[in-house]
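Visitor: Here you go, one structure.
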Amino acid sequence: MNYGTKANAQDSLRMLDRYVEAGGSFIDTANNYALWWGGDGGDSERVLGAWMKERKNRDRLFLATKVGFNRPDIGASLSAATIKREIEGSLKRMGTDHVDLYYAHCDRRDTPQEESIGAFDALRREGKIRFVGCSNFRAWRIEQARTLSRAHGWAEYCCVQQRYTYLRPAPGATFDPQVAVDPELMDYGSVHASDSLLLGYSSTLGGAYTARADRPIPWQYSGRDTEERLAALRAVARDVGASPVQVMYAWMLQSTPAVLPLVSAGTMEQLDEDLGSLKVTLTADQMTRLNTAGMPAKD
């Protein structure tokens, strides 16, 4: 996400190399990464394009990008014209003739879903994308889209990417325009586990799990529930000899349904810590401790 802006190109290439050396192949970016660090929105895609060209590894990667969130030149849109125009820009920046996964980056209710999904399907038939996903959508909107796709014979959203972490948002908390995973989406993901993958972003809460004074827990997670869950997470981390972040990622992967974490490490040290989570195996008792922490006691 921050490659080419907060993370300079040289460090970005080193981290990408380390990720692939560790067995990674799924690369996730967007056409607006990272405007908030002073970029123009195409910075991450250009870094990835330069890296793939130099390493000649495009055919060994599963490449995903997104369209729909705000950019100064196009605004926030999922119109057919925007989708068709933006895929061309993304392909050019990354130096490839297709992406494996193309996301609707946010739910734009000012555009009929028929128009957006129809445009995605047209790109699929042209060979410019292989699969279609969505991000920051409510469960009912995903099901609405599924119904439309099946009625028209179009590609269905095969995955949904939402904000997700071990801590639970406080009642009434909002991340607008981002959408967090909620119990309804988890239930939806369980029912559709065979044909719709859940992915989680911003899982480390910007470094808040490291207990640094300059990285406080976001206000949306304030409350007793958070304190109890943090205590459980740290206790399990001590038991298994791992960091809280590594246990949190392992918990996501071993949950039902599983949630694939999207890591956005800004340094090599952070990336190595993230990769270390793959070596953490939690017992059934530890998963229960993590899942039930902060829940009201049964009578």
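Labeling convention for the structure tokens: chains A, B, ... as they appear, residues from 1 per chain, ligands from 1 in order of appearance.
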Within 8 Å of Cys106 (chain A), counting only C-alpha atoms, which residues show up once you throw out same-chain ones fewer than 2 positions away? Write them as a VMD selection string, please.

Guide: chain A and resid 68 to 69 104 108 134 to 137 177 to 178

Visitor: Can I get the selected residues back with N, CA and C atoms, as a short mmCIF file (atom, residue, chain, number, x, y, z; two decimals), in the first residue's frame?

Guide:
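Done, and the output landed in again.cif:
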data_model
loop_
_atom_site.label_atom_id
_atom_site.label_comp_id
_atom_site.auth_asym_id
_atom_site.auth_seq_id
_atom_site.Cartn_x
_atom_site.Cartn_y
_atom_site.Cartn_z
N GLY A 68 -12.51 2.51 -7.43
CA GLY A 68 -13.74 2.96 -6.79
C GLY A 68 -13.57 3.96 -5.69
N PHE A 69 -12.41 3.96 -5.02
CA PHE A 69 -12.21 4.96 -3.98
C PHE A 69 -11.71 6.26 -4.58
N ALA A 104 -14.01 -4.00 -6.63
CA ALA A 104 -14.77 -2.77 -6.39
C ALA A 104 -14.33 -2.32 -5.01
N ARG A 108 -20.44 1.98 -4.17
CA ARG A 108 -20.95 3.26 -4.67
C ARG A 108 -22.42 3.09 -5.00
N CYS A 134 -14.93 -7.57 -4.06
CA CYS A 134 -15.46 -6.30 -3.55
C CYS A 134 -14.83 -6.00 -2.20
N SER A 135 -14.88 -4.75 -1.83
CA SER A 135 -14.32 -4.30 -0.57
C SER A 135 -15.20 -3.19 0.00
N ASN A 136 -15.36 -3.19 1.31
CA ASN A 136 -16.19 -2.18 1.98
C ASN A 136 -17.65 -2.24 1.52
N PHE A 137 -18.18 -3.45 1.47
CA PHE A 137 -19.57 -3.72 1.12
C PHE A 137 -20.27 -4.37 2.31
N PRO A 177 -15.31 6.03 5.33
CA PRO A 177 -16.04 5.18 4.38
C PRO A 177 -15.63 3.71 4.40
N GLN A 178 -14.70 3.35 5.28
CA GLN A 178 -14.34 1.95 5.39
C GLN A 178 -15.45 1.19 6.10
#

Visitor: Give me the residues within 7 Å of Pro257 (chain A) as an mmCIF file with C-alpha atoms, in the first residue's frame, counting only C-alpha atoms and dropping any in the same chain fewer than 4 places off.

Guide:
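Below is the file that was written, part12.cif:
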data_model
loop_
_atom_site.group_PDB
_atom_site.id
_atom_site.type_symbol
_atom_site.label_atom_id
_atom_site.label_comp_id
_atom_site.auth_asym_id
_atom_site.auth_seq_id
_atom_site.Cartn_x
_atom_site.Cartn_y
_atom_site.Cartn_z
ATOM 1 C CA MET A 186 -18.909 -13.593 9.271
ATOM 2 C CA GLY A 189 -18.714 -15.978 4.978
ATOM 3 C CA SER A 190 -19.448 -19.245 6.767
ATOM 4 C CA ALA A 193 -16.957 -20.465 2.516
#

Visitor: For the interface of region 229-253 of chain A with region 163-166 of chain A (cut-off 9 Å, counting only C-alpha atoms), please tabulate each contacting residue of region 229-253 of chain A alongside its nearest pair of atoms and their separation in Å to one decimal, rows sorted by chain and increasing number, as CSV.

Guide:
residue,atom,partner,partner_atom,distance
A:Arg229,CA,A:Tyr166,CA,7.9
A:Leu230,CA,A:Tyr166,CA,8.8
A:Leu233,CA,A:Tyr166,CA,8.6
A:Met248,CA,A:Tyr166,CA,6.1
A:Tyr249,CA,A:Tyr166,CA,8.5
A:Trp251,CA,A:Tyr166,CA,7.9
A:Met252,CA,A:Tyr166,CA,7.7

Visitor: For a quick check of understanding, using only C-alpha atoms, which of A:Met268, A:Thr292, A:Thr226, A:Gly207 has the smallest distance to Pro244 (chain A)?

Guide: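 For Pro244 (chain A), the nearest of the given residues is A:Gly207.
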
Visitor: Taking a cut-off of 12 Å and counting only C-alpha atoms, can you build a table that, for each residue of region 72-181 of chain A near region 23-47 of chain A, reports the nearest atom pair and how far apart they are in Å (one decimal), sorted by chain then residue number, as CSV?

Guide:
residue,atom,partner,partner_atom,distance
A:Pro72,CA,A:Asp40,CA,8.2
A:Asp73,CA,A:Asp40,CA,9.3
A:Ile74,CA,A:Asn32,CA,10.5
A:Gly75,CA,A:Asn32,CA,10.5
A:Ala76,CA,A:Asn32,CA,10.3
A:Thr82,CA,A:Asn31,CA,11.6
A:Ile83,CA,A:Asn31,CA,10.9
A:Arg85,CA,A:Asn31,CA,11.4
A:Glu86,CA,A:Asn31,CA,7.6
A:Ile87,CA,A:Asn31,CA,8.7
A:Glu88,CA,A:Asn31,CA,10.7
A:Gly89,CA,A:Asn31,CA,8.3
A:Ser90,CA,A:Asn31,CA,6.5
A:Leu91,CA,A:Glu45,CA,8.7
A:Lys92,CA,A:Arg46,CA,8.7
A:Arg93,CA,A:Arg46,CA,4.9
A:Met94,CA,A:Glu45,CA,5.4
A:Gly95,CA,A:Arg46,CA,8.4
A:Thr96,CA,A:Glu45,CA,10.7
A:Val99,CA,A:Ile27,CA,10.3
A:Asp100,CA,A:Phe26,CA,9.6
A:Leu101,CA,A:Asp28,CA,8.8
A:Tyr102,CA,A:Ala30,CA,9.1
A:Tyr103,CA,A:Ala30,CA,8.5
A:Ala104,CA,A:Ala30,CA,10.0
A:His105,CA,A:Ala30,CA,8.1
A:Cys106,CA,A:Ala30,CA,11.6
A:Gly133,CA,A:Asp28,CA,11.7
A:Ser135,CA,A:Ala30,CA,11.3
A:Gln161,CA,A:Asp28,CA,10.7

Visitor: Using N, CA and C atoms, can you export the residues from the last selection as an mmCIF file, in the first residue's frame?

Guide:
data_model
loop_
_atom_site.group_PDB
_atom_site.id
_atom_site.type_symbol
_atom_site.label_atom_id
_atom_site.label_comp_id
_atom_site.auth_asym_id
_atom_site.auth_seq_id
_atom_site.Cartn_x
_atom_site.Cartn_y
_atom_site.Cartn_z
ATOM 1 N N PRO A 72 -8.071 12.306 -6.997
ATOM 2 C CA PRO A 72 -8.336 13.699 -7.384
ATOM 3 C C PRO A 72 -8.840 13.857 -8.815
ATOM 4 N N ASP A 73 -8.364 12.991 -9.706
ATOM 5 C CA ASP A 73 -8.706 13.165 -11.112
ATOM 6 C C ASP A 73 -10.029 12.531 -11.513
ATOM 7 N N ILE A 74 -10.501 11.531 -10.744
ATOM 8 C CA ILE A 74 -11.721 10.823 -11.149
ATOM 9 C C ILE A 74 -12.798 10.812 -10.071
ATOM 10 N N GLY A 75 -12.453 11.228 -8.859
ATOM 11 C CA GLY A 75 -13.417 11.137 -7.782
ATOM 12 C C GLY A 75 -13.636 9.689 -7.374
ATOM 13 N N ALA A 76 -14.720 9.436 -6.685
ATOM 14 C CA ALA A 76 -15.067 8.084 -6.255
ATOM 15 C C ALA A 76 -16.201 7.586 -7.134
ATOM 16 N N THR A 82 -15.699 4.634 -15.647
ATOM 17 C CA THR A 82 -14.552 4.693 -14.734
ATOM 18 C C THR A 82 -13.854 3.352 -14.644
ATOM 19 N N ILE A 83 -14.624 2.287 -14.491
ATOM 20 C CA ILE A 83 -14.040 0.947 -14.375
ATOM 21 C C ILE A 83 -13.209 0.614 -15.607
ATOM 22 N N ARG A 85 -11.896 2.730 -17.840
ATOM 23 C CA ARG A 85 -10.745 3.613 -17.975
ATOM 24 C C ARG A 85 -9.642 3.281 -16.964
ATOM 25 N N GLU A 86 -10.045 2.993 -15.730
ATOM 26 C CA GLU A 86 -9.064 2.785 -14.675
ATOM 27 C C GLU A 86 -8.306 1.468 -14.813
ATOM 28 N N ILE A 87 -8.943 0.429 -15.367
ATOM 29 C CA ILE A 87 -8.186 -0.809 -15.556
ATOM 30 C C ILE A 87 -7.059 -0.587 -16.552
ATOM 31 N N GLU A 88 -7.298 0.239 -17.550
ATOM 32 C CA GLU A 88 -6.244 0.516 -18.524
ATOM 33 C C GLU A 88 -5.074 1.235 -17.856
ATOM 34 N N GLY A 89 -5.371 2.176 -16.968
ATOM 35 C CA GLY A 89 -4.308 2.867 -16.258
ATOM 36 C C GLY A 89 -3.532 1.930 -15.356
ATOM 37 N N SER A 90 -4.227 1.061 -14.657
ATOM 38 C CA SER A 90 -3.557 0.112 -13.766
ATOM 39 C C SER A 90 -2.678 -0.855 -14.552
ATOM 40 N N LEU A 91 -3.188 -1.366 -15.661
ATOM 41 C CA LEU A 91 -2.401 -2.291 -16.478
ATOM 42 C C LEU A 91 -1.143 -1.615 -17.018
ATOM 43 N N LYS A 92 -1.277 -0.382 -17.435
ATOM 44 C CA LYS A 92 -0.130 0.350 -17.968
ATOM 45 C C LYS A 92 0.913 0.578 -16.885
ATOM 46 N N ARG A 93 0.476 1.009 -15.704
ATOM 47 C CA ARG A 93 1.431 1.268 -14.618
ATOM 48 C C ARG A 93 2.151 0.011 -14.177
ATOM 49 N N MET A 94 1.458 -1.127 -14.220
ATOM 50 C CA MET A 94 2.085 -2.369 -13.765
ATOM 51 C C MET A 94 2.719 -3.168 -14.894
ATOM 52 N N GLY A 95 2.580 -2.709 -16.123
ATOM 53 C CA GLY A 95 3.228 -3.372 -17.246
ATOM 54 C C GLY A 95 2.738 -4.782 -17.493
ATOM 55 N N THR A 96 1.435 -4.984 -17.375
ATOM 56 C CA THR A 96 0.869 -6.308 -17.587
ATOM 57 C C THR A 96 -0.378 -6.195 -18.444
ATOM 58 N N VAL A 99 -4.976 -8.373 -14.781
ATOM 59 C CA VAL A 99 -4.825 -8.609 -13.350
ATOM 60 C C VAL A 99 -5.645 -9.843 -13.009
ATOM 61 N N ASP A 100 -5.211 -10.548 -11.982
ATOM 62 C CA ASP A 100 -5.905 -11.773 -11.604
ATOM 63 C C ASP A 100 -7.189 -11.487 -10.831
ATOM 64 N N LEU A 101 -7.193 -10.381 -10.083
ATOM 65 C CA LEU A 101 -8.357 -10.026 -9.280
ATOM 66 C C LEU A 101 -8.544 -8.520 -9.328
ATOM 67 N N TYR A 102 -9.774 -8.093 -9.629
ATOM 68 C CA TYR A 102 -10.090 -6.664 -9.698
ATOM 69 C C TYR A 102 -11.231 -6.396 -8.730
ATOM 70 N N TYR A 103 -10.971 -5.528 -7.752
ATOM 71 C CA TYR A 103 -11.954 -5.231 -6.720
ATOM 72 C C TYR A 103 -12.753 -3.965 -7.018
ATOM 73 N N ALA A 104 -14.014 -4.003 -6.627
ATOM 74 C CA ALA A 104 -14.767 -2.774 -6.392
ATOM 75 C C ALA A 104 -14.330 -2.316 -5.006
ATOM 76 N N HIS A 105 -13.582 -1.220 -4.934
ATOM 77 C CA HIS A 105 -12.895 -0.829 -3.706
ATOM 78 C C HIS A 105 -13.854 -0.312 -2.630
ATOM 79 N N CYS A 106 -15.015 0.148 -3.026
ATOM 80 C CA CYS A 106 -16.031 0.600 -2.073
ATOM 81 C C CYS A 106 -17.389 0.480 -2.755
ATOM 82 N N GLY A 133 -13.743 -9.023 -7.185
ATOM 83 C CA GLY A 133 -13.972 -9.000 -5.744
ATOM 84 C C GLY A 133 -14.568 -7.670 -5.330
ATOM 85 N N SER A 135 -14.881 -4.746 -1.828
ATOM 86 C CA SER A 135 -14.318 -4.298 -0.565
ATOM 87 C C SER A 135 -15.198 -3.190 -0.002
ATOM 88 N N GLN A 161 -13.186 -7.932 0.913
ATOM 89 C CA GLN A 161 -12.081 -7.431 1.737
ATOM 90 C C GLN A 161 -12.599 -6.305 2.627
#

Visitor: May I ask for the distance between CA of Leu198 (chain A) and CA of Arg146 (chain A), given in Å to one decimal place?

Guide: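 Those two atoms sit 15.3 Å apart.
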
Visitor: I'd like the contact shell of Val191 (chain A) - 12 Å cut-off, only C-alpha atoms, skipping same-chain residues fewer than 4 positions apart - returned as a list of chain:residue names.

Guide: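 Neighbouring residues, sequence-local ones excluded: A:Ala139, A:Glu143, A:Glu184, A:Leu185, A:Met186, A:Asp187, A:Asp195, A:Ser196, A:Leu197, A:Leu198, A:Thr256, A:Pro257.
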